[in-house]
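Enquirer: This one is my_file34.cif, mmCIF, C-alpha atoms and all ligand atoms.
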data_target
#
loop_
_atom_site.label_atom_id
_atom_site.label_comp_id
_atom_site.auth_asym_id
_atom_site.auth_seq_id
_atom_site.Cartn_x
_atom_site.Cartn_y
_atom_site.Cartn_z
CA MET A 1 2.65 6.05 18.42
CA ASN A 2 6.06 6.04 20.11
CA LYS A 3 8.99 8.38 19.52
CA ALA A 4 10.47 6.17 16.79
CA GLY A 5 7.29 6.70 14.80
CA LEU A 6 4.65 4.45 13.40
CA ARG A 7 5.58 0.76 13.49
CA LEU A 8 4.89 -0.74 10.08
CA GLY A 9 4.25 -4.31 9.01
CA VAL A 10 4.49 -4.64 5.23
CA LEU A 11 2.89 -7.54 3.34
CA VAL A 12 4.32 -8.33 -0.10
CA SER A 13 4.12 -11.03 -2.74
CA GLY A 14 6.48 -9.98 -5.50
CA ARG A 15 8.96 -7.38 -6.66
CA GLY A 16 8.69 -5.16 -3.56
CA SER A 17 9.50 -1.83 -5.19
CA ASN A 18 6.86 -0.04 -3.11
CA LEU A 19 8.41 -1.61 -0.02
CA GLN A 20 11.75 -0.16 -1.13
CA ALA A 21 10.18 3.28 -1.52
CA ILE A 22 8.79 3.02 2.02
CA ILE A 23 12.13 1.86 3.47
CA GLN A 24 13.90 4.74 1.71
CA ALA A 25 11.38 7.30 2.93
CA CYS A 26 11.84 5.96 6.49
CA SER A 27 15.65 6.02 6.37
CA ALA A 28 15.70 9.49 4.87
CA VAL A 29 13.35 10.50 7.74
CA LYS A 30 10.88 11.82 5.22
CA ILE A 31 8.21 9.90 7.09
CA HIS A 32 7.94 9.25 10.80
CA ALA A 33 7.76 5.47 10.61
CA ALA A 34 9.88 2.33 10.53
CA VAL A 35 9.30 -1.06 8.94
CA GLN A 36 9.36 -3.65 11.74
CA VAL A 37 8.55 -6.78 9.75
CA VAL A 38 7.97 -7.86 6.16
CA ILE A 39 5.78 -10.89 5.50
CA SER A 40 5.38 -12.62 2.14
CA ASP A 41 3.12 -15.44 1.02
CA ARG A 42 5.68 -16.31 -1.67
CA PRO A 43 9.19 -17.52 -0.83
CA GLN A 44 10.79 -15.99 -3.93
CA SER A 45 9.42 -12.47 -3.34
CA GLN A 46 12.15 -9.90 -3.94
CA GLY A 47 10.49 -7.92 -1.16
CA LEU A 48 11.93 -10.41 1.34
CA GLU A 49 15.42 -9.76 -0.06
CA HIS A 50 15.02 -5.98 0.18
CA ALA A 51 13.95 -6.39 3.78
CA ARG A 52 16.90 -8.64 4.68
CA ARG A 53 19.33 -6.27 3.01
CA ASN A 54 17.96 -3.55 5.28
CA ARG A 55 18.16 -5.81 8.37
CA ILE A 56 14.39 -5.95 8.69
CA PRO A 57 12.88 -9.28 9.81
CA ALA A 58 11.61 -10.96 6.64
CA ILE A 59 9.25 -13.89 6.96
CA HIS A 60 7.81 -16.23 4.38
CA LEU A 61 4.51 -17.63 5.60
CA ASP A 62 3.40 -20.51 3.39
CA PRO A 63 -0.37 -20.51 2.73
CA LYS A 64 -0.24 -24.26 2.08
CA ALA A 65 0.60 -24.83 5.73
CA TYR A 66 -2.83 -23.50 6.81
CA SER A 67 -6.23 -25.08 6.30
CA SER A 68 -8.12 -21.83 5.64
CA ARG A 69 -7.52 -18.21 4.67
CA GLU A 70 -8.72 -17.24 8.18
CA ASP A 71 -6.11 -19.47 9.84
CA TYR A 72 -3.45 -18.01 7.61
CA ASP A 73 -4.46 -14.47 8.55
CA GLU A 74 -4.52 -15.47 12.21
CA ALA A 75 -0.83 -16.42 11.85
CA VAL A 76 -0.15 -13.11 10.10
CA VAL A 77 -1.83 -11.21 12.94
CA ARG A 78 0.28 -13.13 15.49
CA LEU A 79 3.46 -12.07 13.71
CA LEU A 80 2.30 -8.47 13.39
CA ARG A 81 1.50 -8.39 17.12
CA GLU A 82 4.87 -9.92 17.99
CA HIS A 83 6.50 -7.03 16.18
CA ARG A 84 4.10 -4.54 17.81
CA VAL A 85 2.92 -3.27 14.43
CA ASP A 86 0.63 -0.19 14.42
CA LEU A 87 -0.08 -0.03 10.68
CA VAL A 88 -0.28 -2.82 8.12
CA VAL A 89 0.70 -1.87 4.56
CA LEU A 90 -0.25 -4.14 1.66
CA ALA A 91 2.37 -3.36 -0.98
CA GLY A 92 1.80 -5.67 -3.92
CA TYR A 93 0.26 -8.36 -1.70
CA MET A 94 -1.65 -10.72 -3.95
CA ARG A 95 -3.91 -12.42 -1.39
CA LEU A 96 -7.37 -11.32 -0.39
CA ILE A 97 -7.27 -10.73 3.33
CA THR A 98 -10.01 -11.88 5.69
CA SER A 99 -11.87 -10.27 8.57
CA ARG A 100 -9.35 -11.90 10.97
CA LEU A 101 -6.77 -9.39 9.85
CA ILE A 102 -9.11 -6.50 9.02
CA GLY A 103 -10.94 -6.85 12.34
CA SER A 104 -7.69 -6.89 14.32
CA TYR A 105 -6.42 -3.76 12.56
CA ARG A 106 -9.62 -1.81 11.76
CA ASN A 107 -8.68 1.30 9.74
CA ARG A 108 -5.07 0.28 10.25
CA VAL A 109 -4.61 -1.68 7.03
CA ILE A 110 -3.89 0.23 3.83
CA ASN A 111 -3.36 -0.92 0.25
CA ILE A 112 -1.88 0.57 -2.90
CA HIS A 113 -3.73 -0.19 -6.13
CA PRO A 114 -2.49 0.81 -9.61
CA SER A 115 -5.66 2.47 -10.93
CA LEU A 116 -7.97 5.30 -10.03
CA LEU A 117 -10.46 3.29 -7.99
CA PRO A 118 -13.29 2.44 -8.25
CA SER A 119 -12.20 1.96 -11.87
CA PHE A 120 -10.36 -1.24 -12.62
CA PRO A 121 -10.19 -3.12 -9.32
CA GLY A 122 -8.62 -6.56 -9.15
CA LEU A 123 -5.88 -8.00 -11.33
CA HIS A 124 -4.28 -6.45 -14.43
CA ALA A 125 -5.41 -2.89 -13.73
CA HIS A 126 -3.20 -1.41 -16.47
CA ARG A 127 -4.48 -3.88 -19.06
CA GLN A 128 -8.04 -3.02 -18.04
CA ALA A 129 -7.34 0.73 -18.32
CA LEU A 130 -5.76 0.35 -21.78
CA GLU A 131 -8.56 -1.89 -23.03
CA TRP A 132 -11.15 0.60 -21.83
CA GLY A 133 -9.34 3.47 -23.52
CA VAL A 134 -9.23 5.85 -20.56
CA ARG A 135 -7.01 8.90 -21.07
CA ILE A 136 -6.16 9.31 -17.41
CA SER A 137 -5.13 6.54 -15.07
CA GLY A 138 -3.25 6.53 -11.82
CA CYS A 139 -3.04 4.92 -8.42
CA THR A 140 -4.94 4.86 -5.17
CA VAL A 141 -4.05 4.29 -1.53
CA HIS A 142 -7.09 3.19 0.43
CA PHE A 143 -8.09 1.63 3.71
CA VAL A 144 -8.78 -2.07 3.39
CA ASP A 145 -12.18 -3.39 4.28
CA GLU A 146 -13.94 -6.68 3.49
CA THR A 147 -14.49 -5.72 -0.17
CA MET A 148 -11.91 -6.10 -2.93
CA ASP A 149 -10.15 -2.76 -3.50
CA GLY A 150 -13.28 -1.09 -2.12
CA GLY A 151 -12.27 0.64 1.14
CA SER A 152 -12.28 4.39 1.76
CA ILE A 153 -9.81 6.31 -0.37
CA ILE A 154 -6.94 8.18 1.30
CA ILE A 155 -5.03 9.61 -1.65
CA GLN A 156 -4.92 9.25 -5.43
CA ALA A 157 -2.50 10.42 -8.10
CA ALA A 158 -3.36 10.66 -11.78
CA VAL A 159 -1.17 10.20 -14.85
CA PRO A 160 -2.01 10.56 -18.54
CA VAL A 161 -2.38 7.50 -20.72
CA LEU A 162 -0.33 8.19 -23.85
CA ASP A 163 -0.88 6.97 -27.38
CA GLY A 164 1.25 3.93 -27.90
CA ASP A 165 1.34 3.04 -24.20
CA THR A 166 1.80 -0.61 -23.36
CA GLU A 167 1.04 -2.19 -19.99
CA GLU A 168 4.75 -1.79 -19.20
CA THR A 169 5.07 1.91 -20.08
CA LEU A 170 1.84 2.78 -18.28
CA GLU A 171 2.91 0.75 -15.25
CA ALA A 172 6.25 2.59 -15.08
CA ARG A 173 4.50 5.99 -15.17
CA VAL A 174 2.03 4.94 -12.49
CA LEU A 175 4.72 3.37 -10.27
CA GLU A 176 6.55 6.71 -10.03
CA GLN A 177 3.41 8.11 -8.43
CA GLU A 178 2.89 5.05 -6.22
CA TYR A 179 6.31 5.72 -4.67
CA ARG A 180 5.10 9.23 -3.74
CA ILE A 181 1.58 8.63 -2.50
CA LEU A 182 2.14 5.47 -0.45
CA PRO A 183 4.79 7.04 1.82
CA GLN A 184 2.62 10.18 1.96
CA ALA A 185 -0.40 8.16 3.13
CA ILE A 186 1.76 6.53 5.83
CA GLN A 187 2.92 9.96 6.95
CA PHE A 188 -0.70 11.20 7.17
CA LEU A 189 -1.39 8.29 9.51
CA ALA A 190 1.81 8.89 11.49
CA GLU A 191 0.69 12.49 11.98
CA GLU A 192 -2.83 11.32 12.88
CA ARG A 193 -4.25 13.65 10.25
CA LEU A 194 -6.90 11.35 8.79
CA GLU A 195 -10.50 11.21 9.88
CA VAL A 196 -12.68 8.52 8.36
CA SER A 197 -16.27 9.54 7.84
CA GLY A 198 -18.05 6.71 6.03
CA ARG A 199 -16.58 6.45 2.54
CA ARG A 200 -14.81 9.76 2.86
CA VAL A 201 -11.44 10.32 4.43
CA ILE A 202 -10.92 13.87 5.62
CA LEU A 203 -7.38 15.23 5.73
CA LYS A 204 -6.84 17.62 8.63
CA SER A 205 -4.92 20.84 7.98
CA PRO A 206 -4.00 20.31 4.33
CA LYS A 207 -1.38 22.63 2.87
CA PRO A 208 -2.78 23.78 -0.49
CA THR A 209 -0.53 23.66 -3.53
CA THR A 210 -0.48 24.98 -7.04
CA ASP A 211 1.25 21.80 -8.22
CA VAL A 212 -0.37 20.98 -11.54
CA ARG A 213 0.26 17.25 -11.25
CA MET A 214 -3.06 15.68 -10.49
CA VAL A 215 -2.78 14.66 -6.88
CA SER A 216 -5.87 14.73 -4.77
CA PRO A 217 -6.28 15.85 -2.00
CA MET A 218 -4.49 18.93 -3.40
CA ILE A 219 -1.47 19.07 -1.16
CA GLU A 220 2.22 19.69 -1.45
CA ILE A 221 4.03 16.36 -1.22
CA GLY A 222 7.35 17.13 0.37
CA LEU A 223 8.97 13.82 -0.55
C1 LIG B 1 2.04 -2.20 -7.63
O1 LIG B 1 1.69 -1.70 -8.88
C2 LIG B 1 0.89 -2.05 -6.65
O2 LIG B 1 0.10 -0.93 -6.90
C3 LIG B 1 0.09 -3.30 -6.90
O3 LIG B 1 1.04 -4.31 -7.14
C4 LIG B 1 2.25 -3.71 -7.65
C5 LIG B 1 3.33 -4.14 -6.72
O4 LIG B 1 4.60 -3.72 -7.15
N1 LIG B 1 -0.79 -3.59 -5.78
P1 LIG B 1 5.82 -3.83 -6.15
O5 LIG B 1 5.84 -5.28 -5.63
O6 LIG B 1 5.64 -2.84 -5.06
O7 LIG B 1 7.03 -3.54 -7.00
#
Please render this file's structure as structure tokens.

Expert:
Amino acid sequence: MNKAGLRLGVLVSGRGSNLQAIIQACSAVKIHAAVQVVISDRPQSQGLEHARRNRIPAIHLDPKAYSSREDYDEAVVRLLREHRVDLVVLAGYMRLITSRLIGSYRNRVINIHPSLLPSFPGLHAHRQALEWGVRISGCTVHFVDETMDGGSIIIQAAVPVLDGDTEETLEARVLEQEYRILPQAIQFLAEERLEVSGRRVILKSPKPTTDVRMVSPMIEIGL
């Protein structure tokens, strides 16, 4: 990592509110990182607009222009390399990525998922949680491997599911936590404090906290 911090490449498909949280954490120097490029598979992604507004290169890469998912990911990797990206962040990226990308950035691709994995992987996590009737839900930042939402877990935050919750109200409560734990996971990586041991990710020198909000590992999030 250079003096300017970890060089991030963020992949988005839609609204891009997690991207915004990352950009804000970077500009407020709460995390030692900077977004170097934002890539979207969808031209109308608001994430591209947020990037442009912040003078970050924003690129729409059209999947239809490639004959396979591997070729598409090859093009993504080329762009990431051009921008000398150290860490790839999937922030609401709706495509399954292939070993082309995972292999080029082994343990250097992370994803945010809006449930407490391994519960409710895939699409419509909030709907799944409500239909199941769980009383606690949350979000997970994990390393990305070849499985869907199955890589080793870095950090999770829990929220209660309240009577009368809809997908929208639950999503809003979970998003608040996403904006905390995703920048925090990036900062762990910037500080080189994560050690991957099989499925488990060990956090070096954690600062214990008495914070009653359910964040695990139990650390003080200074964001
Ligand atoms: C978030 O809930 C994230 O966990 C999931 O997709 C949603 C993206 O939201 N992977 P945004 O585009 O960051 O606003």

Enquirer: Ligand LIG 1 (chain B): which residues are within 6 Å, counting all atoms listed in the file, as a ChimeraX atom specification?

Expert: /A:14-19,91-92,112-114

Enquirer: If you count all atoms listed in the file, which residues fall within 12 Å of Ser119 in chain A, apart from same-chain ones fewer than 4 positions away, as a PyMOL selection string?

Expert: chain A and resi 113-115+123-126+128-130+132+134+136-140+149-150

Enquirer: Need the shell around range 22-39 of chain A: protein/DNA/RNA residues with any atom at most 10 Å away, counting all atoms listed in the file. Skip same-chain ones fewer than 4 positions apart. Format as a ChimeraX atom specification?

Expert: /A:1-13,16-18,43,45,47-52,54-61,76,79-80,82-91,93,179-180,182-191,222-223

Enquirer: Would you put the residues from that selection into a file with C-alpha atoms, as a compact mmCIF listing (two decimals), in the coordinates of the input?

Expert:
# COMPACT_ATOMS: atom_id res chain seq x y z
CA MET A 1 2.65 6.05 18.42
CA ASN A 2 6.06 6.04 20.11
CA LYS A 3 8.99 8.38 19.52
CA ALA A 4 10.47 6.17 16.79
CA GLY A 5 7.29 6.70 14.80
CA LEU A 6 4.65 4.45 13.40
CA ARG A 7 5.58 0.76 13.49
CA LEU A 8 4.89 -0.74 10.08
CA GLY A 9 4.25 -4.31 9.01
CA VAL A 10 4.49 -4.64 5.23
CA LEU A 11 2.89 -7.54 3.34
CA VAL A 12 4.32 -8.33 -0.10
CA SER A 13 4.12 -11.03 -2.74
CA GLY A 16 8.69 -5.16 -3.56
CA SER A 17 9.50 -1.83 -5.19
CA ASN A 18 6.86 -0.04 -3.11
CA PRO A 43 9.19 -17.52 -0.83
CA SER A 45 9.42 -12.47 -3.34
CA GLY A 47 10.49 -7.92 -1.16
CA LEU A 48 11.93 -10.41 1.34
CA GLU A 49 15.42 -9.76 -0.06
CA HIS A 50 15.02 -5.98 0.18
CA ALA A 51 13.95 -6.39 3.78
CA ARG A 52 16.90 -8.64 4.68
CA ASN A 54 17.96 -3.55 5.28
CA ARG A 55 18.16 -5.81 8.37
CA ILE A 56 14.39 -5.95 8.69
CA PRO A 57 12.88 -9.28 9.81
CA ALA A 58 11.61 -10.96 6.64
CA ILE A 59 9.25 -13.89 6.96
CA HIS A 60 7.81 -16.23 4.38
CA LEU A 61 4.51 -17.63 5.60
CA VAL A 76 -0.15 -13.11 10.10
CA LEU A 79 3.46 -12.07 13.71
CA LEU A 80 2.30 -8.47 13.39
CA GLU A 82 4.87 -9.92 17.99
CA HIS A 83 6.50 -7.03 16.18
CA ARG A 84 4.10 -4.54 17.81
CA VAL A 85 2.92 -3.27 14.43
CA ASP A 86 0.63 -0.19 14.42
CA LEU A 87 -0.08 -0.03 10.68
CA VAL A 88 -0.28 -2.82 8.12
CA VAL A 89 0.70 -1.87 4.56
CA LEU A 90 -0.25 -4.14 1.66
CA ALA A 91 2.37 -3.36 -0.98
CA TYR A 93 0.26 -8.36 -1.70
CA TYR A 179 6.31 5.72 -4.67
CA ARG A 180 5.10 9.23 -3.74
CA LEU A 182 2.14 5.47 -0.45
CA PRO A 183 4.79 7.04 1.82
CA GLN A 184 2.62 10.18 1.96
CA ALA A 185 -0.40 8.16 3.13
CA ILE A 186 1.76 6.53 5.83
CA GLN A 187 2.92 9.96 6.95
CA PHE A 188 -0.70 11.20 7.17
CA LEU A 189 -1.39 8.29 9.51
CA ALA A 190 1.81 8.89 11.49
CA GLU A 191 0.69 12.49 11.98
CA GLY A 222 7.35 17.13 0.37
CA LEU A 223 8.97 13.82 -0.55

Enquirer: So the first atom is CA of Ser197 in chain A and the second is CA of Gln177 in chain A; what is the distance between them in Å, to one decimal place?

Expert: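 One can read the CA of Ser197 in chain A to CA of Gln177 in chain A distance as 25.6 Å.
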
Enquirer: Which of these residues is nearest to Val144 in chain A, using all atoms listed in the file: A:Leu116, A:Ile102, A:Ile181, A:Val159?

Expert: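 Of A:Leu116, A:Ile102, A:Ile181, A:Val159, the one nearest Val144 in chain A, counting all atoms listed in the file, is A:Ile102.
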
Enquirer: In terms of the shortest atom-to-atom distance over all atoms listed in the file, which of A:Lys204, A:Ala158, A:Tyr66, A:Glu220 is closest to Glu178 in chain A?

Expert: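 Looking at the shortest contact to Glu178 in chain A, the residue is A:Ala158.
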
Enquirer: In Å, rounded to a single decimal, give me how far CA of Ser40 in chain A is from CA of Ala65 in chain A.

Expert: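 The value is 13.6 Å.
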
Enquirer: What are the centre and edge lengths in Å, to one decimal, of the axis-aligned box around all listed atoms of range 25-37 of chain A with 8 Å added on each side, as JSON?

Expert:
{"center_x": 11.7, "center_y": 2.5, "center_z": 7.3, "size_x": 23.9, "size_y": 34.6, "size_z": 24.8}

Enquirer: My list of candidates is A:Val174, A:Met148, A:Val77, A:Leu117. Which is closest to Met94 in chain A when distances are computed with only C-alpha atoms?

Expert: A:Met148

Enquirer: When you draw a straight line from CA of Ala75 in chain A to CA of Leu101 in chain A, how long is it in Å?

Expert: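 Between these atoms lies a distance of 9.4 Å.
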
Enquirer: For Gly151 in chain A, which of A:Arg127, A:Arg42, A:Arg199, A:Arg135 is the closest residue, counting only C-alpha atoms?

Expert: A:Arg199

Enquirer: Would you please work out which residue, of A:Glu70, A:Thr169, A:Pro121, A:Lys207, is nearest to Thr147 in chain A when using all atoms listed in the file?

Expert: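 Closest residue, counting all atoms listed in the file: A:Pro121.
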